[in-house]
Amino acid sequence: MVKLIMGGAGTGKTKTIIELVNAAVKEEKGSVVCIAKGDKLKFDVSHDARLINVSDYSVNSYPTLLGFVAGLHAGNYDISKVFIDALYKVVDSKDASEAEKFLLELDAFSAKHSVDFVTALSEETIPATDVMKKYL
């Protein structure tokens with residue numbers, strides 16, 4: 001399953017991600033991972049979740065983020081939920097067509113490996129595309 005949280009800046013997407021991560025670590029039997037750019041979430045996300053600052057790695061595009069997620073899963077088959085905060089910031093790209101392709105690939109990964117994904121996407125000017133609406 002892939003779930004997309006979309007809204008403009010300041011609409012509470014990161015707060016929602018934090019709440020979902022903290023709830024997931026209490027409910028999930030598997031490992032919970034939160035991917036973000038920077039370390040602003042380190043005091044808000046439960047220490048029972050694995051918080052990863054992608055700035056520490058060479059994640060700068062949708063393909064490298066997908067490879068990064070695959071590598072995380074390959075190293076830990078117990079991961080059951082992955083949260084990605086501020087997708088456009090994580091990959092340094094606001095290309096909606098690339099984001100769509102990434103969401104479809106993430107959905108295929110989710111189905112194959114039984115990992116649920118929740119992704120926050122800040123978008124103010126362009127409404128959700130048809131592919132994005134599928135995950136809202």
# chains A, B, ... in the order shown; residues from 1 in each chain; ligands from 1
>>> select_by_dssp(residues="chain A", states="strand (DSSP E)", output="list in words")
Val2, Lys3, Leu4, Ile5, Met6, Gly7, Ser31, Val32, Val33, Cys34, Ile35, Ala36, Arg50, Leu51, Ile52, Asn53, Ile79, Ser80, Lys81, Val82, Phe83, Ile84, Asp116, Phe117, Val118, Thr119, Ala120, Leu121 and Ser122 of chain A
>>> write_last_selection(atoms="C-alpha atoms", output="mmCIF file, in the first residue's frame")
data_model
loop_
_atom_site.group_PDB
_atom_site.id
_atom_site.type_symbol
_atom_site.label_atom_id
_atom_site.label_comp_id
_atom_site.auth_asym_id
_atom_site.auth_seq_id
_atom_site.Cartn_x
_atom_site.Cartn_y
_atom_site.Cartn_z
ATOM 1 C CA VAL A 2 1.144 3.506 -0.820
ATOM 2 C CA LYS A 3 -0.542 6.501 0.767
ATOM 3 C CA LEU A 4 0.148 10.057 -0.343
ATOM 4 C CA ILE A 5 -0.330 13.058 1.926
ATOM 5 C CA MET A 6 -0.534 16.207 -0.169
ATOM 6 C CA GLY A 7 -0.967 19.879 0.639
ATOM 7 C CA SER A 31 10.412 -2.227 11.837
ATOM 8 C CA VAL A 32 9.341 1.333 11.051
ATOM 9 C CA VAL A 33 11.537 3.671 8.994
ATOM 10 C CA CYS A 34 11.177 7.417 8.472
ATOM 11 C CA ILE A 35 13.143 9.048 5.658
ATOM 12 C CA ALA A 36 13.617 12.811 5.669
ATOM 13 C CA ARG A 50 14.661 4.307 12.352
ATOM 14 C CA LEU A 51 14.996 7.964 11.294
ATOM 15 C CA ILE A 52 17.229 8.374 8.251
ATOM 16 C CA ASN A 53 18.607 11.696 7.073
ATOM 17 C CA ILE A 79 10.579 -3.415 7.719
ATOM 18 C CA SER A 80 6.815 -3.129 7.534
ATOM 19 C CA LYS A 81 6.301 0.638 7.143
ATOM 20 C CA VAL A 82 8.338 3.376 5.504
ATOM 21 C CA PHE A 83 7.466 7.045 5.810
ATOM 22 C CA ILE A 84 8.968 9.637 3.467
ATOM 23 C CA ASP A 116 3.522 -0.041 3.377
ATOM 24 C CA PHE A 117 4.615 3.449 2.369
ATOM 25 C CA VAL A 118 3.341 6.866 3.419
ATOM 26 C CA THR A 119 4.762 9.817 1.519
ATOM 27 C CA ALA A 120 4.228 13.536 2.097
ATOM 28 C CA LEU A 121 4.323 15.801 -0.918
ATOM 29 C CA SER A 122 4.193 19.595 -0.721
#
>>> closest_atom_pairs(of="stretch 105-133 of chain A", to="stretch 54-69 of chain A", cutoff="10 Å", atoms="only C-alpha atoms", output="JSON lines")
{"residue": "A:Glu105", "atom": "CA", "partner": "A:Leu66", "partner_atom": "CA", "distance": 7.9}
{"residue": "A:Leu106", "atom": "CA", "partner": "A:Leu66", "partner_atom": "CA", "distance": 7.3}
{"residue": "A:Phe109", "atom": "CA", "partner": "A:Leu66", "partner_atom": "CA", "distance": 9.0}
>>> write_last_selection(atoms="all heavy atoms", output="PDB file, in the first residue's frame")
ATOM      1  N   GLU A 105       6.218   2.807  -9.048  1.00  0.00           N
ATOM      2  CA  GLU A 105       7.280   1.844  -8.732  1.00  0.00           C
ATOM      3  C   GLU A 105       7.257   1.479  -7.248  1.00  0.00           C
ATOM      4  O   GLU A 105       7.469   0.319  -6.880  1.00  0.00           O
ATOM      5  CB  GLU A 105       8.644   2.408  -9.128  1.00  0.00           C
ATOM      6  CG  GLU A 105       8.831   2.512 -10.625  1.00  0.00           C
ATOM      7  CD  GLU A 105      10.079   3.264 -11.036  1.00  0.00           C
ATOM      8  OE1 GLU A 105      10.632   4.021 -10.207  1.00  0.00           O
ATOM      9  OE2 GLU A 105      10.496   3.108 -12.192  1.00  0.00           O
ATOM     10  N   LEU A 106       6.973   2.451  -6.403  1.00  0.00           N
ATOM     11  CA  LEU A 106       6.867   2.208  -4.964  1.00  0.00           C
ATOM     12  C   LEU A 106       5.694   1.281  -4.666  1.00  0.00           C
ATOM     13  O   LEU A 106       5.791   0.383  -3.826  1.00  0.00           O
ATOM     14  CB  LEU A 106       6.689   3.545  -4.248  1.00  0.00           C
ATOM     15  CG  LEU A 106       7.155   3.670  -2.815  1.00  0.00           C
ATOM     16  CD1 LEU A 106       8.634   3.343  -2.696  1.00  0.00           C
ATOM     17  CD2 LEU A 106       6.878   5.065  -2.300  1.00  0.00           C
ATOM     18  N   PHE A 109       6.723  -2.196  -5.563  1.00  0.00           N
ATOM     19  CA  PHE A 109       7.633  -2.679  -4.513  1.00  0.00           C
ATOM     20  C   PHE A 109       6.837  -3.090  -3.282  1.00  0.00           C
ATOM     21  O   PHE A 109       7.084  -4.135  -2.674  1.00  0.00           O
ATOM     22  CB  PHE A 109       8.654  -1.600  -4.165  1.00  0.00           C
ATOM     23  CG  PHE A 109       9.705  -2.047  -3.197  1.00  0.00           C
ATOM     24  CD1 PHE A 109      10.899  -2.583  -3.652  1.00  0.00           C
ATOM     25  CD2 PHE A 109       9.512  -1.947  -1.824  1.00  0.00           C
ATOM     26  CE1 PHE A 109      11.877  -3.009  -2.766  1.00  0.00           C
ATOM     27  CE2 PHE A 109      10.475  -2.369  -0.925  1.00  0.00           C
ATOM     28  CZ  PHE A 109      11.666  -2.905  -1.395  1.00  0.00           C
TER      29      PHE A 109
END
>>> atom_distance(atom1="atom CA of A:Val131", atom2="atom CA of A:Glu100")
6.1 Å
>>> select_by_dssp(residues="stretch 34-76 of chain A", states="helix (DSSP H, G or I)", output="count of residues only")
17
>>> closest_residue(among="A:Val115, A:Leu20, A:Leu103, A:Ala108", to="A:Met132", atoms="only C-alpha atoms")
A:Leu103
>>> closest_residue(among="A:Asp48, A:Asp92, A:Asp85, A:Asp78", to="A:Ile18", atoms="only C-alpha atoms")
A:Asp85
>>> closest_residue(among="A:Gly10, A:Lys15, A:Met1, A:Ala74", to="A:Lys40", atoms="only C-alpha atoms")
A:Lys15
>>> closest_residue(among="A:Gly30, A:Thr14, A:Gly75, A:Leu87", to="A:Val45", atoms="only C-alpha atoms")
A:Thr14
>>> decode(residues="stretch 53-72 of chain A", atoms="N, CA, C and O atoms", output="short mmCIF file (atom, residue, chain, number, x, y, z; two decimals), in the first residue's frame")
data_model
loop_
_atom_site.label_atom_id
_atom_site.label_comp_id
_atom_site.auth_asym_id
_atom_site.auth_seq_id
_atom_site.Cartn_x
_atom_site.Cartn_y
_atom_site.Cartn_z
N ASN A 53 18.37 10.42 7.73
CA ASN A 53 18.61 11.70 7.07
C ASN A 53 19.28 11.39 5.73
O ASN A 53 20.45 11.02 5.69
N VAL A 54 18.53 11.56 4.63
CA VAL A 54 19.09 11.21 3.32
C VAL A 54 20.23 12.13 2.90
O VAL A 54 20.96 11.81 1.97
N SER A 55 20.39 13.25 3.60
CA SER A 55 21.52 14.14 3.30
C SER A 55 22.85 13.44 3.59
O SER A 55 23.89 13.83 3.05
N ASP A 56 22.81 12.42 4.44
CA ASP A 56 24.02 11.67 4.77
C ASP A 56 24.38 10.65 3.69
O ASP A 56 25.42 9.99 3.78
N TYR A 57 23.52 10.49 2.69
CA TYR A 57 23.72 9.50 1.62
C TYR A 57 23.59 10.21 0.28
O TYR A 57 23.21 11.36 0.19
N SER A 58 23.86 9.52 -0.79
CA SER A 58 23.80 10.12 -2.12
C SER A 58 22.42 9.93 -2.75
O SER A 58 22.30 9.46 -3.88
N VAL A 59 21.40 10.33 -2.02
CA VAL A 59 20.03 10.25 -2.53
C VAL A 59 19.66 11.61 -3.08
O VAL A 59 19.50 12.56 -2.32
N ASN A 60 19.53 11.70 -4.41
CA ASN A 60 19.24 13.00 -5.02
C ASN A 60 18.34 12.89 -6.24
O ASN A 60 18.25 13.81 -7.03
N SER A 61 17.69 11.73 -6.39
CA SER A 61 16.77 11.55 -7.51
C SER A 61 15.79 10.43 -7.14
O SER A 61 15.98 9.71 -6.17
N TYR A 62 14.74 10.31 -7.93
CA TYR A 62 13.76 9.26 -7.66
C TYR A 62 14.35 7.86 -7.81
O TYR A 62 14.12 7.01 -6.96
N PRO A 63 15.16 7.60 -8.85
CA PRO A 63 15.75 6.26 -8.96
C PRO A 63 16.68 5.92 -7.79
O PRO A 63 16.67 4.79 -7.30
N THR A 64 17.46 6.91 -7.32
CA THR A 64 18.36 6.61 -6.19
C THR A 64 17.56 6.42 -4.91
O THR A 64 17.94 5.59 -4.08
N LEU A 65 16.45 7.13 -4.75
CA LEU A 65 15.61 6.93 -3.57
C LEU A 65 14.98 5.54 -3.60
O LEU A 65 14.95 4.85 -2.58
N LEU A 66 14.52 5.11 -4.76
CA LEU A 66 13.95 3.76 -4.87
C LEU A 66 15.02 2.71 -4.58
O LEU A 66 14.77 1.74 -3.86
N GLY A 67 16.22 2.90 -5.09
CA GLY A 67 17.32 1.99 -4.79
C GLY A 67 17.68 2.00 -3.32
O GLY A 67 17.98 0.96 -2.73
N PHE A 68 17.63 3.17 -2.71
CA PHE A 68 17.91 3.30 -1.28
C PHE A 68 16.89 2.52 -0.47
O PHE A 68 17.25 1.76 0.44
N VAL A 69 15.62 2.66 -0.81
CA VAL A 69 14.55 1.93 -0.12
C VAL A 69 14.73 0.43 -0.31
O VAL A 69 14.59 -0.36 0.64
N ALA A 70 15.06 0.02 -1.52
CA ALA A 70 15.28 -1.41 -1.80
C ALA A 70 16.46 -1.93 -0.98
O ALA A 70 16.41 -3.04 -0.43
N GLY A 71 17.52 -1.13 -0.87
CA GLY A 71 18.67 -1.53 -0.07
C GLY A 71 18.34 -1.63 1.41
O GLY A 71 18.80 -2.55 2.10
N LEU A 72 17.52 -0.71 1.91
CA LEU A 72 17.07 -0.80 3.30
C LEU A 72 16.33 -2.11 3.54
O LEU A 72 16.57 -2.81 4.53
#
